[in-house]
Every structure is written in C-alpha cells, then in structure tokens.
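Notes to accompany the following structure.
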Amino acid sequence: MDILNYVVQEGLVMIPVLFIIGEIIKGTELLGNKWIPLVLLVISIGLTPLVLGTYTANNIVQAVLVAGVTVFGNQLIKQSSKGAK
C-alpha cells in the first residue's frame with residue numbers, strides 16, 4: 001500500500017515544506033522532539049487547506065495525511081540511517 005496514492009497532487013508540495021519546518025524547529029530546540037509531530041500537524045491543518053483552496057472536511061483529511069507522510073518519511077530516513085551504521 002502506497003500512502004502517497006491517498007494524498008492529492010496539489011497537497012504533495014506541503015511535504016517538503018513541513019519537513020523543512022520540522023528541521024528548523026528541531027534546530028532551534030524551542031520544543032522537545034516529541035512535540036514536533038504535533039506542531040507539524042497543526043501547521044499542516046492551517047496551511048494545507050489554503051493550498052488546496054478552502055477549508056473542507058476532505059482538505060483537512062488531506063492535511064492530516066500530509067503531516068503523517070512527513071513524519072513517517074522522516075522516521076524512515078532516521079531508522080534506515082541507524083541500520084547503516
């Protein structure tokens with residue numbers, strides 16, 4: 001199952017945006033790492049519907065999916081690099 005099949009094309013632009021925001025938050029050390037996924041979810045719910053046009057239930061679901069893909073992708077990168085050591 002490929003989760004990207006569930007994210008609309010217009011929403012894909014938010015994945016690298018959220019990834020970069022997450023890295024910035026992590027670098028500032030304002031919040032603990034455990035709070036970054038929640039912050040990214042809130043940011044995604046705020047911005048993704050604007051990118052998609054309007055706040056609808058479908059676009060909010062897309063925002064949750066985009067945040068999930070971002071966090072899941074980040075974890076995949078971190079876990080795969082741990083295994084390479």
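Naming scheme: A, B, ... for chains in displayed order of the structure tokens; residues 1 onward per chain; ligands 1 onward as shown.
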Sorted by chain and rising residue number, which residues of segment 13-54 of chain A lie within 12 Å of segment 61-67 of chain A, and what are their closest atom pairs and distances in Å to one decimal, counting only C-alpha atoms, as CSV?
residue,atom,partner,partner_atom,distance
A:Val13,CA,A:Val66,CA,9.2
A:Met14,CA,A:Val66,CA,6.8
A:Ile15,CA,A:Val66,CA,6.0
A:Pro16,CA,A:Val66,CA,9.8
A:Val17,CA,A:Ala67,CA,10.2
A:Leu18,CA,A:Ala67,CA,7.2
A:Phe19,CA,A:Ala67,CA,8.9
A:Ile21,CA,A:Ala67,CA,11.4
A:Gly22,CA,A:Ala67,CA,10.4
A:Ile36,CA,A:Ala67,CA,10.6
A:Pro37,CA,A:Ala67,CA,7.6
A:Leu38,CA,A:Ala67,CA,9.0
A:Val39,CA,A:Ala67,CA,9.6
A:Leu40,CA,A:Ala67,CA,6.2
A:Leu41,CA,A:Ala67,CA,5.3
A:Val42,CA,A:Ala67,CA,8.8
A:Ile43,CA,A:Ala67,CA,8.6
A:Ser44,CA,A:Ala63,CA,5.2
A:Ile45,CA,A:Ala63,CA,5.1
A:Gly46,CA,A:Ala63,CA,8.2
A:Leu47,CA,A:Ala63,CA,8.0
A:Thr48,CA,A:Ala63,CA,5.3
A:Pro49,CA,A:Ala63,CA,6.8
A:Leu50,CA,A:Ala63,CA,10.0
A:Val51,CA,A:Ala63,CA,9.9
A:Leu52,CA,A:Gln62,CA,9.0
A:Gly53,CA,A:Gln62,CA,11.9
A:Thr54,CA,A:Ala63,CA,11.7
Just N, CA and C atoms for this one: save the residues we selected as a PDB file, in the first residue's frame.
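This is the output file again_34.pdb:
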ATOM      1  N   VAL A  13       3.107  19.278  -2.310  1.00  0.00           N
ATOM      2  CA  VAL A  13       4.064  20.368  -2.104  1.00  0.00           C
ATOM      3  C   VAL A  13       4.260  20.659  -0.612  1.00  0.00           C
ATOM      4  N   MET A  14       3.279  20.297   0.200  1.00  0.00           N
ATOM      5  CA  MET A  14       3.377  20.571   1.630  1.00  0.00           C
ATOM      6  C   MET A  14       4.332  19.627   2.359  1.00  0.00           C
ATOM      7  N   ILE A  15       4.629  18.468   1.773  1.00  0.00           N
ATOM      8  CA  ILE A  15       5.503  17.505   2.447  1.00  0.00           C
ATOM      9  C   ILE A  15       6.904  18.083   2.661  1.00  0.00           C
ATOM     10  N   PRO A  16       7.585  18.579   1.623  1.00  0.00           N
ATOM     11  CA  PRO A  16       8.907  19.170   1.893  1.00  0.00           C
ATOM     12  C   PRO A  16       8.828  20.437   2.731  1.00  0.00           C
ATOM     13  N   VAL A  17       7.732  21.185   2.605  1.00  0.00           N
ATOM     14  CA  VAL A  17       7.570  22.397   3.415  1.00  0.00           C
ATOM     15  C   VAL A  17       7.532  22.023   4.897  1.00  0.00           C
ATOM     16  N   LEU A  18       6.719  21.025   5.231  1.00  0.00           N
ATOM     17  CA  LEU A  18       6.625  20.591   6.624  1.00  0.00           C
ATOM     18  C   LEU A  18       7.923  19.966   7.105  1.00  0.00           C
ATOM     19  N   PHE A  19       8.600  19.242   6.230  1.00  0.00           N
ATOM     20  CA  PHE A  19       9.881  18.641   6.601  1.00  0.00           C
ATOM     21  C   PHE A  19      10.884  19.730   6.983  1.00  0.00           C
ATOM     22  N   ILE A  21      10.204  22.828   7.941  1.00  0.00           N
ATOM     23  CA  ILE A  21       9.746  23.466   9.180  1.00  0.00           C
ATOM     24  C   ILE A  21      10.117  22.607  10.384  1.00  0.00           C
ATOM     25  N   GLY A  22       9.944  21.297  10.258  1.00  0.00           N
ATOM     26  CA  GLY A  22      10.312  20.385  11.341  1.00  0.00           C
ATOM     27  C   GLY A  22      11.793  20.440  11.662  1.00  0.00           C
ATOM     28  N   ILE A  36       7.293  17.885  18.017  1.00  0.00           N
ATOM     29  CA  ILE A  36       7.406  18.301  16.618  1.00  0.00           C
ATOM     30  C   ILE A  36       6.293  17.716  15.748  1.00  0.00           C
ATOM     31  N   PRO A  37       5.954  16.418  15.847  1.00  0.00           N
ATOM     32  CA  PRO A  37       4.851  15.914  15.010  1.00  0.00           C
ATOM     33  C   PRO A  37       3.523  16.633  15.260  1.00  0.00           C
ATOM     34  N   LEU A  38       3.238  16.957  16.526  1.00  0.00           N
ATOM     35  CA  LEU A  38       2.002  17.667  16.831  1.00  0.00           C
ATOM     36  C   LEU A  38       2.013  19.078  16.243  1.00  0.00           C
ATOM     37  N   VAL A  39       3.131  19.764  16.354  1.00  0.00           N
ATOM     38  CA  VAL A  39       3.266  21.107  15.784  1.00  0.00           C
ATOM     39  C   VAL A  39       3.111  21.052  14.263  1.00  0.00           C
ATOM     40  N   LEU A  40       3.731  20.051  13.636  1.00  0.00           N
ATOM     41  CA  LEU A  40       3.602  19.906  12.180  1.00  0.00           C
ATOM     42  C   LEU A  40       2.172  19.605  11.780  1.00  0.00           C
ATOM     43  N   LEU A  41       1.454  18.829  12.588  1.00  0.00           N
ATOM     44  CA  LEU A  41       0.044  18.560  12.302  1.00  0.00           C
ATOM     45  C   LEU A  41      -0.776  19.842  12.344  1.00  0.00           C
ATOM     46  N   VAL A  42      -0.555  20.651  13.363  1.00  0.00           N
ATOM     47  CA  VAL A  42      -1.293  21.920  13.484  1.00  0.00           C
ATOM     48  C   VAL A  42      -0.965  22.846  12.315  1.00  0.00           C
ATOM     49  N   ILE A  43       0.305  22.940  11.961  1.00  0.00           N
ATOM     50  CA  ILE A  43       0.707  23.779  10.827  1.00  0.00           C
ATOM     51  C   ILE A  43       0.092  23.254   9.539  1.00  0.00           C
ATOM     52  N   SER A  44       0.087  21.941   9.380  1.00  0.00           N
ATOM     53  CA  SER A  44      -0.483  21.342   8.183  1.00  0.00           C
ATOM     54  C   SER A  44      -1.982  21.607   8.088  1.00  0.00           C
ATOM     55  N   ILE A  45      -2.675  21.477   9.211  1.00  0.00           N
ATOM     56  CA  ILE A  45      -4.119  21.754   9.199  1.00  0.00           C
ATOM     57  C   ILE A  45      -4.374  23.229   8.902  1.00  0.00           C
ATOM     58  N   GLY A  46      -3.447  24.087   9.289  1.00  0.00           N
ATOM     59  CA  GLY A  46      -3.604  25.510   8.994  1.00  0.00           C
ATOM     60  C   GLY A  46      -3.289  25.872   7.556  1.00  0.00           C
ATOM     61  N   LEU A  47      -2.257  25.244   6.963  1.00  0.00           N
ATOM     62  CA  LEU A  47      -1.780  25.665   5.637  1.00  0.00           C
ATOM     63  C   LEU A  47      -2.283  24.817   4.469  1.00  0.00           C
ATOM     64  N   THR A  48      -2.378  23.507   4.657  1.00  0.00           N
ATOM     65  CA  THR A  48      -2.726  22.634   3.531  1.00  0.00           C
ATOM     66  C   THR A  48      -4.084  22.966   2.921  1.00  0.00           C
ATOM     67  N   PRO A  49      -5.135  23.201   3.719  1.00  0.00           N
ATOM     68  CA  PRO A  49      -6.397  23.585   3.081  1.00  0.00           C
ATOM     69  C   PRO A  49      -6.299  24.890   2.281  1.00  0.00           C
ATOM     70  N   LEU A  50      -5.432  25.796   2.713  1.00  0.00           N
ATOM     71  CA  LEU A  50      -5.247  27.033   1.938  1.00  0.00           C
ATOM     72  C   LEU A  50      -4.611  26.729   0.591  1.00  0.00           C
ATOM     73  N   VAL A  51      -3.652  25.804   0.573  1.00  0.00           N
ATOM     74  CA  VAL A  51      -3.010  25.402  -0.681  1.00  0.00           C
ATOM     75  C   VAL A  51      -4.024  24.711  -1.583  1.00  0.00           C
ATOM     76  N   LEU A  52      -4.915  23.927  -0.986  1.00  0.00           N
ATOM     77  CA  LEU A  52      -5.899  23.174  -1.757  1.00  0.00           C
ATOM     78  C   LEU A  52      -7.126  23.993  -2.116  1.00  0.00           C
ATOM     79  N   GLY A  53      -7.275  25.169  -1.554  1.00  0.00           N
ATOM     80  CA  GLY A  53      -8.367  26.049  -1.965  1.00  0.00           C
ATOM     81  C   GLY A  53      -9.244  26.549  -0.843  1.00  0.00           C
ATOM     82  N   THR A  54      -9.686  25.678   0.044  1.00  0.00           N
ATOM     83  CA  THR A  54     -10.600  26.087   1.098  1.00  0.00           C
ATOM     84  C   THR A  54     -10.611  25.050   2.220  1.00  0.00           C
TER      85      THR A  54
END
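Computed from the coordinates, the atom CA of Ile60 of chain A to atom CA of Leu12 of chain A distance equals 13.9 Å.
With atom CA of Ala57 of chain A on one side and atom CA of Gln75 of chain A on the other, the separation reads 27.1 Å.
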Just the helix (DSSP H, G or I) stuff from chain A, please, per backbone DSSP, written as JSON, numbers by chain. {"A": [3, 4, 5, 6, 9, 10, 11, 14, 15, 16, 17, 18, 19, 20, 21, 22, 23, 24, 25, 26, 27, 28, 33, 34, 35, 36, 37, 38, 39, 40, 41, 42, 43, 44, 45, 46, 47, 48, 49, 50, 51, 52, 57, 58, 59, 60, 61, 62, 63, 64, 65, 66, 67, 68, 69, 70, 71, 72, 73, 74, 75, 76, 77, 78, 79, 80, 81, 82, 83]}
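Using only C-alpha atoms, the nearest neighbour of Asn58 of chain A within the list A:Thr28, A:Asp2, A:Val7, A:Thr70 is A:Val7.
Interatomic distance, atom CA of Leu31 of chain A against atom CA of Tyr55 of chain A: 27.9 Å.
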